[in-house]
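Enquirer: TSV, C-alpha atoms and all ligand atoms, file query_25.tsv:
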```
chain	number	residue	atom	x	y	z
A	1	ASN	CA	88.43	95.49	52.00
A	2	ARG	CA	90.91	97.50	54.04
A	3	GLU	CA	93.67	95.83	56.03
A	4	TRP	CA	96.65	96.94	58.11
A	5	HIS	CA	100.13	95.96	56.93
A	6	LEU	CA	103.42	96.19	58.77
A	7	LEU	CA	105.86	98.03	56.48
A	8	SER	CA	108.95	98.14	58.69
A	9	ARG	CA	109.89	96.86	62.12
A	10	PRO	CA	109.51	99.50	64.83
A	11	VAL	CA	112.53	100.42	66.92
A	12	GLY	CA	111.30	101.54	70.31
A	13	LEU	CA	107.78	102.93	70.33
A	14	PRO	CA	105.96	101.99	67.09
A	15	LYS	CA	105.34	104.95	64.76
A	16	PRO	CA	102.60	105.46	62.18
A	17	GLU	CA	105.14	105.22	59.33
A	18	ASN	CA	105.84	101.59	60.32
A	19	PHE	CA	102.31	100.71	59.14
A	20	ALA	CA	99.87	101.26	56.28
A	21	LEU	CA	96.15	100.79	55.87
A	22	VAL	CA	95.92	99.09	52.48
A	23	GLU	CA	92.91	98.76	50.20
A	24	THR	CA	92.58	95.29	48.61
A	25	GLU	CA	89.97	93.04	47.01
A	26	ALA	CA	87.94	91.11	49.59
A	27	PRO	CA	89.42	87.60	49.78
A	28	GLN	CA	87.56	84.62	48.31
A	29	PRO	CA	86.94	81.73	50.73
A	30	ARG	CA	88.54	78.51	49.52
A	31	GLU	CA	87.37	74.94	50.23
A	32	ASN	CA	86.70	74.53	54.00
A	33	GLN	CA	86.94	78.29	54.53
A	34	VAL	CA	84.42	80.94	55.48
A	35	LEU	CA	84.44	84.63	54.60
A	36	VAL	CA	83.98	86.76	57.70
A	37	ARG	CA	82.99	90.42	57.87
A	38	ASN	CA	84.71	91.51	61.06
A	39	THR	CA	82.71	93.48	63.61
A	40	TYR	CA	85.26	93.72	66.45
A	41	LEU	CA	89.04	93.63	66.27
A	42	SER	CA	91.28	93.03	69.25
A	43	VAL	CA	94.45	94.98	69.90
A	44	ASP	CA	96.72	93.35	72.47
A	45	PRO	CA	100.11	94.10	74.02
A	46	TYR	CA	101.66	90.86	72.66
A	47	MET	CA	101.31	92.31	69.15
A	48	ARG	CA	104.26	94.58	69.91
A	49	GLY	CA	106.40	91.44	70.09
A	50	ARG	CA	105.17	90.22	66.72
A	51	MET	CA	106.21	93.53	65.14
A	52	SER	CA	109.83	92.65	65.96
A	53	ALA	CA	111.86	90.01	64.16
A	54	ALA	CA	113.06	88.35	67.37
A	55	LYS	CA	112.12	84.70	67.80
A	56	SER	CA	109.29	84.22	70.27
A	57	TYR	CA	106.33	81.97	71.00
A	58	VAL	CA	104.42	83.41	68.01
A	59	ASP	CA	105.96	84.17	64.62
A	60	PRO	CA	106.80	87.77	63.76
A	61	TYR	CA	104.38	89.61	61.48
A	62	GLU	CA	105.62	89.48	57.89
A	63	LEU	CA	106.47	92.80	56.29
A	64	GLY	CA	104.03	93.91	53.60
A	65	LYS	CA	101.41	91.38	54.66
A	66	PRO	CA	98.21	91.90	56.68
A	67	MET	CA	98.79	91.72	60.42
A	68	GLU	CA	96.85	89.17	62.44
A	69	GLY	CA	94.99	89.28	65.69
A	70	GLY	CA	91.83	88.22	67.46
A	71	ALA	CA	88.58	89.25	65.82
A	72	VAL	CA	84.90	88.41	65.83
A	73	GLY	CA	82.63	88.80	62.88
A	74	GLU	CA	79.72	87.54	60.86
A	75	VAL	CA	80.03	84.83	58.24
A	76	VAL	CA	78.99	86.27	54.87
A	77	ALA	CA	79.98	83.30	52.68
A	78	SER	CA	80.70	79.69	53.59
A	79	ASN	CA	82.48	76.84	51.85
A	80	ALA	CA	82.60	74.82	55.04
A	81	GLU	CA	80.29	72.33	56.64
A	82	GLY	CA	78.93	73.29	60.05
A	83	ILE	CA	79.32	77.05	59.66
A	84	ALA	CA	76.52	78.92	57.92
A	85	VAL	CA	76.09	82.42	56.57
A	86	GLY	CA	74.89	84.56	59.47
A	87	ASP	CA	76.88	82.65	62.11
A	88	HIS	CA	79.29	84.63	64.27
A	89	VAL	CA	82.83	83.40	64.73
A	90	LEU	CA	85.95	84.18	66.74
A	91	HIS	CA	89.16	83.84	64.72
A	92	SER	CA	92.63	85.27	64.28
A	93	GLY	CA	92.15	87.25	61.04
A	94	GLY	CA	92.02	90.65	62.67
A	95	TRP	CA	93.49	94.03	61.60
A	96	ARG	CA	91.22	93.87	58.48
A	97	GLU	CA	87.61	94.23	57.44
A	98	TYR	CA	87.13	90.89	55.66
A	99	ALA	CA	88.94	87.65	56.44
A	100	ALA	CA	88.93	84.24	54.75
A	101	VAL	CA	89.24	81.84	57.67
A	102	ASP	CA	89.86	78.08	57.82
A	103	ALA	CA	86.74	76.54	59.32
A	104	GLN	CA	88.70	74.50	61.85
A	105	ARG	CA	90.32	77.70	63.14
A	106	ALA	CA	86.99	79.54	63.52
A	107	VAL	CA	85.13	79.21	66.81
A	108	LYS	CA	81.39	79.81	66.68
A	109	VAL	CA	80.20	82.32	69.30
A	110	ASP	CA	76.69	83.16	70.39
A	111	PRO	CA	75.76	86.87	70.22
A	112	GLU	CA	72.71	86.14	72.39
A	113	ALA	CA	74.79	84.71	75.23
A	114	ALA	CA	77.16	87.68	75.51
A	115	PRO	CA	78.02	90.85	73.59
A	116	LEU	CA	80.33	89.91	70.71
A	117	SER	CA	83.20	92.03	72.05
A	118	ALA	CA	83.22	90.00	75.28
A	119	TYR	CA	84.63	87.03	73.34
A	120	LEU	CA	87.79	89.09	72.81
A	121	GLY	CA	88.03	90.07	76.48
A	122	VAL	CA	86.38	88.84	79.63
A	123	LEU	CA	85.18	85.55	78.07
A	124	GLY	CA	88.11	85.22	75.69
A	125	MET	CA	91.88	85.05	75.70
A	126	PRO	CA	92.46	87.72	78.40
A	127	GLY	CA	89.85	86.08	80.64
A	128	LEU	CA	91.52	82.69	80.37
A	129	THR	CA	94.90	84.33	80.95
A	130	ALA	CA	93.70	85.78	84.25
A	131	TYR	CA	92.08	82.49	85.28
A	132	ALA	CA	94.95	80.18	84.38
A	133	GLY	CA	97.62	82.56	85.62
A	134	LEU	CA	96.06	83.10	89.01
A	135	LEU	CA	94.68	79.66	89.76
A	136	ARG	CA	97.18	77.34	88.10
A	137	VAL	CA	100.47	79.20	87.64
A	138	ALA	CA	100.34	81.22	90.87
A	139	SER	CA	98.62	78.33	92.71
A	140	PHE	CA	96.21	80.78	94.34
A	141	LYS	CA	94.55	79.57	97.50
A	142	GLU	CA	91.93	80.98	99.81
A	143	GLY	CA	93.31	83.50	102.27
A	144	ASP	CA	96.15	84.63	100.00
A	145	ILE	CA	97.16	88.28	99.79
A	146	VAL	CA	97.27	89.05	96.08
A	147	PHE	CA	98.93	91.91	94.22
A	148	VAL	CA	98.29	92.53	90.53
A	149	SER	CA	99.75	95.20	88.26
A	150	GLY	CA	98.07	96.54	85.14
A	151	ALA	CA	95.05	96.14	87.36
A	152	ALA	CA	92.65	98.36	85.41
A	153	GLY	CA	93.41	96.52	82.17
A	154	ALA	CA	91.70	93.55	80.56
A	155	VAL	CA	93.66	90.81	82.33
A	156	GLY	CA	94.46	92.65	85.57
A	157	SER	CA	90.91	93.71	86.39
A	158	LEU	CA	89.82	90.09	86.15
A	159	VAL	CA	92.72	88.77	88.21
A	160	GLY	CA	91.81	91.02	91.14
A	161	GLN	CA	88.12	90.21	91.01
A	162	LEU	CA	88.70	86.47	90.61
A	163	ALA	CA	90.97	86.54	93.63
A	164	LYS	CA	88.27	88.30	95.67
A	165	LEU	CA	85.54	85.91	94.50
A	166	LYS	CA	87.75	82.96	95.43
A	167	GLY	CA	88.45	84.15	98.94
A	168	ALA	CA	91.63	86.22	98.88
A	169	SER	CA	92.18	87.89	102.23
A	170	ARG	CA	93.42	91.08	100.55
A	171	VAL	CA	93.75	92.24	96.95
A	172	ILE	CA	96.00	95.13	95.94
A	173	GLY	CA	96.15	96.61	92.47
A	174	SER	CA	98.33	99.17	90.73
A	175	ALA	CA	97.48	101.22	87.66
A	176	GLY	CA	98.67	104.31	85.84
A	177	SER	CA	96.25	107.01	86.99
A	178	ASP	CA	94.36	108.14	90.08
A	179	GLU	CA	91.11	107.59	88.20
A	180	LYS	CA	92.04	103.97	87.50
A	181	ALA	CA	93.11	103.41	91.11
A	182	ARG	CA	89.74	104.75	92.27
A	183	LEU	CA	87.94	102.44	89.86
A	184	LEU	CA	89.74	99.42	91.35
A	185	LEU	CA	88.42	100.27	94.79
A	186	GLU	CA	84.95	101.46	93.90
A	187	GLU	CA	83.93	99.22	91.02
A	188	TYR	CA	86.06	96.10	91.23
A	189	GLY	CA	86.17	95.73	95.00
A	190	PHE	CA	89.96	95.76	95.47
A	191	ASP	CA	91.02	96.34	99.09
A	192	ALA	CA	93.81	98.73	98.16
A	193	ALA	CA	95.02	100.40	95.01
A	194	PHE	CA	97.68	102.89	93.99
A	195	ASN	CA	98.81	104.92	91.01
A	196	TYR	CA	102.34	103.70	90.28
A	197	LYS	CA	103.18	107.11	88.82
A	198	ASN	CA	102.68	108.77	92.23
A	199	GLY	CA	105.86	107.39	93.84
A	200	PRO	CA	108.20	104.40	94.07
A	201	VAL	CA	106.26	101.15	93.61
A	202	SER	CA	108.07	99.44	96.48
A	203	GLU	CA	107.01	102.14	98.97
A	204	GLN	CA	103.45	102.27	97.71
A	205	LEU	CA	103.18	98.48	97.78
A	206	ARG	CA	104.56	98.28	101.31
A	207	ALA	CA	101.96	100.82	102.45
A	208	ALA	CA	99.14	98.96	100.67
A	209	ALA	CA	100.26	95.50	101.83
A	210	PRO	CA	101.97	95.98	105.21
A	211	ASP	CA	101.93	92.20	105.87
A	212	GLY	CA	103.44	91.38	102.47
A	213	ILE	CA	101.98	89.40	99.59
A	214	ASP	CA	101.53	85.71	98.82
A	215	VAL	CA	100.87	86.13	95.10
A	216	TYR	CA	102.02	88.66	92.54
A	217	PHE	CA	100.44	88.56	89.08
A	218	ASP	CA	102.88	90.49	86.91
A	219	ASN	CA	101.63	92.33	83.84
A	220	VAL	CA	104.29	95.00	83.90
A	221	GLY	CA	107.79	93.87	84.93
A	222	GLY	CA	110.51	96.38	85.90
A	223	ASP	CA	110.09	98.20	89.23
A	224	HIS	CA	106.86	96.37	89.89
A	225	LEU	CA	108.53	92.97	89.81
A	226	GLU	CA	111.34	94.08	92.11
A	227	ALA	CA	108.83	95.62	94.52
A	228	ALA	CA	106.76	92.43	94.55
A	229	ILE	CA	109.82	90.27	95.29
A	230	GLY	CA	110.63	92.67	98.12
A	231	SER	CA	107.17	92.17	99.63
A	232	LEU	CA	106.96	88.40	99.09
A	233	ARG	CA	105.98	86.25	102.08
A	234	GLN	CA	107.06	82.70	102.84
A	235	GLY	CA	106.11	80.42	99.97
A	236	GLY	CA	105.12	83.35	97.79
A	237	ARG	CA	104.41	82.84	94.09
A	238	ILE	CA	104.90	85.21	91.19
A	239	ALA	CA	103.15	84.49	87.88
A	240	VAL	CA	104.86	86.38	85.08
A	241	CYS	CA	102.15	87.09	82.55
A	242	GLY	CA	103.50	90.17	80.83
A	243	MET	CA	106.14	92.88	81.10
A	244	ILE	CA	104.60	95.75	79.20
A	245	SER	CA	107.01	98.26	80.76
A	246	VAL	CA	109.84	96.79	78.67
A	247	TYR	CA	108.14	95.93	75.35
A	248	ASN	CA	109.48	99.04	73.61
A	249	ASN	CA	112.96	98.85	75.11
A	250	THR	CA	115.85	98.78	72.67
A	251	GLU	CA	118.26	97.46	75.34
A	252	PRO	CA	117.52	94.63	77.80
A	253	ALA	CA	116.06	96.00	81.03
A	254	PRO	CA	118.05	95.40	84.23
A	255	GLY	CA	116.73	92.49	86.27
A	256	PRO	CA	115.35	92.68	89.81
A	257	ARG	CA	118.20	93.35	92.27
A	258	ASN	CA	116.65	91.45	95.14
A	259	LEU	CA	116.30	87.89	93.84
A	260	ILE	CA	118.11	86.69	96.95
A	261	ARG	CA	114.80	87.11	98.73
A	262	LEU	CA	113.54	84.05	96.85
A	263	ILE	CA	115.90	81.94	98.96
A	264	GLN	CA	114.66	83.27	102.27
A	265	THR	CA	111.01	83.02	101.25
A	266	ARG	CA	111.29	79.78	99.19
A	267	GLY	CA	109.58	81.95	96.61
A	268	ARG	CA	108.80	80.93	93.06
A	269	ILE	CA	108.66	82.95	89.85
A	270	GLU	CA	107.07	81.31	86.81
A	271	GLY	CA	106.26	82.65	83.39
A	272	PHE	CA	103.41	81.31	81.30
A	273	ILE	CA	101.61	81.53	77.97
A	274	VAL	CA	97.83	81.31	77.92
A	275	GLY	CA	97.92	78.96	74.93
A	276	ASP	CA	99.44	76.24	77.12
A	277	HIS	CA	96.36	76.30	79.37
A	278	ARG	CA	93.57	75.80	76.82
A	279	ASP	CA	92.50	72.68	78.72
A	280	LEU	CA	91.11	75.04	81.37
A	281	GLN	CA	88.77	76.75	78.86
A	282	PRO	CA	85.63	74.67	79.64
A	283	GLN	CA	86.15	75.03	83.40
A	284	PHE	CA	86.80	78.76	82.95
A	285	VAL	CA	83.56	79.28	80.99
A	286	ARG	CA	81.57	77.15	83.44
A	287	GLU	CA	82.82	79.05	86.45
A	288	VAL	CA	83.31	82.59	85.20
A	289	GLY	CA	80.41	82.79	82.69
A	290	PRO	CA	77.72	82.89	85.40
A	291	TRP	CA	79.70	85.45	87.47
A	292	VAL	CA	79.81	87.72	84.42
A	293	ARG	CA	76.09	87.23	83.70
A	294	GLU	CA	75.15	87.89	87.32
A	295	GLY	CA	77.30	91.01	87.42
A	296	ARG	CA	79.47	89.63	90.23
A	297	LEU	CA	82.47	89.96	87.96
A	298	LYS	CA	82.50	93.34	86.28
A	299	TYR	CA	84.30	94.25	83.12
A	300	ARG	CA	84.82	97.37	81.09
A	301	GLU	CA	85.80	97.86	77.50
A	302	THR	CA	87.34	100.79	75.70
A	303	VAL	CA	85.84	100.84	72.23
A	304	VAL	CA	87.54	102.69	69.41
A	305	GLU	CA	85.50	103.00	66.21
A	306	GLY	CA	86.68	102.42	62.65
A	307	ILE	CA	89.29	100.25	60.93
A	308	GLU	CA	91.31	103.42	60.25
A	309	ASN	CA	91.76	103.92	64.00
A	310	THR	CA	93.06	100.41	64.76
A	311	LEU	CA	96.69	101.49	64.92
A	312	GLU	CA	95.79	104.41	67.18
A	313	ALA	CA	93.91	101.98	69.43
A	314	PHE	CA	97.00	99.77	69.64
A	315	LEU	CA	99.26	102.73	70.43
A	316	GLY	CA	96.71	103.88	73.01
A	317	LEU	CA	97.05	100.53	74.75
A	318	LEU	CA	100.78	101.14	75.20
A	319	ARG	CA	100.02	104.60	76.62
A	320	GLY	CA	97.35	103.34	79.00
A	321	ASP	CA	94.43	105.07	77.28
A	322	ASN	CA	92.25	102.03	77.94
A	323	ILE	CA	90.19	100.93	80.88
A	324	GLY	CA	89.50	97.22	80.52
A	325	LYS	CA	89.81	95.52	77.16
A	326	MET	CA	90.71	97.71	74.19
A	327	VAL	CA	88.69	96.75	71.10
A	328	VAL	CA	87.99	98.30	67.72
A	329	LYS	CA	84.42	98.32	66.44
A	330	LEU	CA	83.97	98.23	62.68
B	401	LIG	P1	95.76	95.92	79.27
B	401	LIG	O1	94.29	96.01	79.05
B	401	LIG	O2	96.26	95.77	80.66
B	401	LIG	O3	96.43	97.18	78.56
B	401	LIG	C1	97.77	97.46	78.71
B	401	LIG	C2	97.98	98.38	79.92
B	401	LIG	O4	99.34	98.39	80.25
B	401	LIG	C3	97.65	99.84	79.67
B	401	LIG	O5	96.29	100.11	79.85
B	401	LIG	C4	98.54	100.56	80.68
B	401	LIG	O6	97.78	100.84	81.86
B	401	LIG	C5	99.61	99.53	81.03
B	401	LIG	N1	100.95	100.02	80.77
B	401	LIG	C6	101.47	100.50	79.61
B	401	LIG	N2	102.75	100.85	79.78
B	401	LIG	C7	103.06	100.61	81.08
B	401	LIG	C8	104.25	100.77	81.87
B	401	LIG	N3	105.37	101.26	81.36
B	401	LIG	N4	104.19	100.42	83.17
B	401	LIG	C9	103.05	99.91	83.71
B	401	LIG	N5	101.92	99.73	83.00
B	401	LIG	C10	101.93	100.07	81.71
B	401	LIG	O7	96.34	94.73	78.40
B	401	LIG	P2	96.05	93.19	78.61
B	401	LIG	O8	95.18	93.00	79.78
B	401	LIG	O9	95.61	92.63	77.32
B	401	LIG	O10	97.48	92.58	78.92
B	401	LIG	C11	98.09	92.78	80.18
B	401	LIG	C12	99.44	92.09	80.23
B	401	LIG	O11	99.27	90.70	80.07
B	401	LIG	C13	100.39	92.53	79.11
B	401	LIG	O12	101.69	92.59	79.65
B	401	LIG	C14	100.26	91.40	78.12
B	401	LIG	O13	101.42	91.28	77.32
B	401	LIG	C15	100.08	90.22	79.04
B	401	LIG	N6	99.41	89.05	78.44
B	401	LIG	C16	100.06	87.87	78.51
B	401	LIG	C17	99.46	86.71	78.07
B	401	LIG	C18	100.20	85.43	78.21
B	401	LIG	O14	99.76	84.42	77.66
B	401	LIG	N7	101.29	85.38	78.96
B	401	LIG	C19	98.14	86.73	77.44
B	401	LIG	C20	97.50	88.04	77.47
B	401	LIG	C21	98.13	89.16	77.96
B	401	LIG	P3	98.24	101.94	82.96
B	401	LIG	O15	97.41	103.16	82.70
B	401	LIG	O16	97.91	101.25	84.23
B	401	LIG	O17	99.70	102.19	82.78
```
What would you get if you wrote out this structure as structure tokens?
Expert:
Amino acid sequence: NREWHLLSRPVGLPKPENFALVETEAPQPRENQVLVRNTYLSVDPYMRGRMSAAKSYVDPYELGKPMEGGAVGEVVASNAEGIAVGDHVLHSGGWREYAAVDAQRAVKVDPEAAPLSAYLGVLGMPGLTAYAGLLRVASFKEGDIVFVSGAAGAVGSLVGQLAKLKGASRVIGSAGSDEKARLLLEEYGFDAAFNYKNGPVSEQLRAAAPDGIDVYFDNVGGDHLEAAIGSLRQGGRIAVCGMISVYNNTEPAPGPRNLIRLIQTRGRIEGFIVGDHRDLQPQFVREVGPWVREGRLKYRETVVEGIENTLEAFLGLLRGDNIGKMVVKL
């Protein structure tokens, strides 16, 4: 069994020397546990937060211990009722080849119903994030003009498409390359898209949304958030999902300078954590599952192969190497 350990806490951008791929004995499943051979590992932006010691909504990774994360795999030994050898499960023992998982924390998934990797992306945590963030936190309603950043990523690409499917009057996305911006228009059906590296976000947003925006789904923070506040219409809502532009900062980033606009617009900014919206999971699967099967909601994955490349996959996520969900195939 090989597993990734955090050796020291990164300052700024994580470096390879902060981590080690460690060879260990495969764990033995205890009572009410199953042993899982992982087939897909998830790397996600929130993991950057867990590499730091700062208190947050999930505990920091412990130094010298295997890191955790979403994973799907096949059960190869079972000491638990209801889960058999050969079953596939979704669990949080990622960053390693073999995981001993408590049965009550393993969710059975059906490899016939969807490709296994989809349970880490479009049908998994990022999918529910997009759904809950747009529909509940941002109170999306038909006719809204919606702007989403990180729009070619796992969450963002779903936000834009969900908004279209639910009757948005205009959907605008931003992403970090011309190729990604083109993809938003041609594959995901966005009405407008721009590469935020091509010029000031506020100017590009104003050109893409001349009438302003009702909803901003923030994956990025920084300039994007300020630009969105500047374009907010009456009663506008901003769902703060992520702020990836500041995750490697060593000093707090300056806040938006135009918050006064929230008074004029009666605007609302609200942060959220997907874990608080698990009650929406059945509704999400019922509604979004068929759209995915019918191809009305498209998703991409960037698949990196090999446990030894997991760290590189994570670092690639911070650089924007991915289109859609970044996963590691073992
Ligand atoms: P993505 O698939 O969107 O991958 C991350 C993307 O971030 C990269 O592809 C890159 O795309 C972009 N990025 C990196 N650095 C910057 C930067 N400085 N400015 C702008 N964009 C940048 O990841 P996810 O879909 O998994 O996550 C998206 C966001 O949602 C993250 O902020 C994440 O933390 C958050 N999140 C929050 C959850 C919650 O419960 N609140 C749950 C899940 C995710 P590009 O080429 O466009 O720069």
Enquirer: Ligand LIG 401 (chain B): which residues are within 7 Å, counting only C-alpha atoms and all ligand atoms, as number ranges by chain?
Expert: A: 44-46, 125-126, 129, 150-156, 174-177, 219-220, 241-246, 272-275, 317-326
Enquirer: List as a VMD selection string the protein and nucleic acid residues near Ala114 (chain A), meaning an atom at most 10 Å away when only C-alpha atoms are counted, but skip any in the same chain fewer than 2 places from it.
Expert: chain A and resid 109 to 112 116 to 119 123 289 292 to 293
Enquirer: Between CA of Pro14 (chain A) and CA of Met51 (chain A), what distance in Å does the model show, to one decimal?
Expert: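 Computing the Euclidean distance for CA of Pro14 (chain A) and CA of Met51 (chain A) yields 8.7 Å.
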Enquirer: So, with only C-alpha atoms as the atoms that count, which of A:Leu35, A:Ile172, A:Val288, A:Leu330 lies closest to Glu308 (chain A)?
Expert: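 Closest to Glu308 (chain A), using only C-alpha atoms: A:Leu330.
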Enquirer: With a distance cut-off of 10 Å and all atoms listed in the file, select the neighbouring residues of Asp178 (chain A), excluding the residue or stretch itself and same-chain residues fewer than 5 positions from it, and output the selection as number ranges by chain.
Expert: A: 183-184, 193-198
Enquirer: Any idea what the distance is between CA of Ala130 (chain A) and CA of Ile263 (chain A)?
Expert: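 It comes out at 26.9 Å.
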Enquirer: Would you list the residues near (81.8, 103.9, 73.9) (no more than 12 Å away, in the coordinates of the file, using only C-alpha atoms) as a list in words?
Expert: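 Here is the list of nearby residues: Arg300, Glu301, Thr302, Val303, Val304, Glu305, Asn322, Ile323, Met326, Val327, Val328 and Lys329 of chain A.
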Enquirer: Considering only C-alpha atoms, state which residue in the set A:Gln283, A:Asn248, A:Gln33, A:Ser169 is at the smallest distance from Lys15 (chain A).
Expert: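 Ranking A:Gln283, A:Asn248, A:Gln33, A:Ser169 by distance to Lys15 (chain A), first place goes to A:Asn248.
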Enquirer: Which value, in Å to one decimal, gives the distance between CA of Gly173 (chain A) and CA of Gly316 (chain A)?
Expert: 20.8 Å
Enquirer: Quick one: everything within 12 Å of Val107 (chain A), counting all atoms listed in the file, minus sequence neighbours fewer than 3 positions away in the same chain. Send it as a PyMOL selection string.
Expert: chain A and resi 34+36+70-75+82-83+87-92+101-104+110+119-120+124
Enquirer: Determine the nearest neighbour of Leu297 (chain A) from the options A:Pro16, A:Leu63, A:Leu162, A:Arg136, counting all atoms listed in the file.
Expert: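 Using all atoms listed in the file, Leu297 (chain A) sits closest to A:Leu162.
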Enquirer: Write out as an MDAnalysis selection string which residues come within 9 Å of Leu259 (chain A) when counting only C-alpha atoms, dropping same-chain ones fewer than 2 positions away.
Expert: chainID A and resid 226 229:230 255:257 261:263
Enquirer: When distances are computed from all atoms listed in the file, which of A:Leu128, A:Ala20, A:Val215, A:Ala253 shows the smallest separation from Val171 (chain A)?
Expert: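 Using all atoms listed in the file, the shortest distance to Val171 (chain A) belongs to A:Val215.
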Enquirer: Excluding Tyr61 (chain A) and residues on its chain fewer than 3 positions from it, collect all residues at most 8 Å away from it, counting only C-alpha atoms, and give them as a CSV table (one decimal) with C-alpha atoms, in the coordinates of the input.
Expert:
```
chain,number,residue,atom,x,y,z
A,6,LEU,CA,103.4,96.2,58.8
A,50,ARG,CA,105.2,90.2,66.7
A,51,MET,CA,106.2,93.5,65.1
A,52,SER,CA,109.8,92.6,66.0
A,53,ALA,CA,111.9,90.0,64.2
A,65,LYS,CA,101.4,91.4,54.7
A,67,MET,CA,98.8,91.7,60.4
A,68,GLU,CA,96.8,89.2,62.4
```
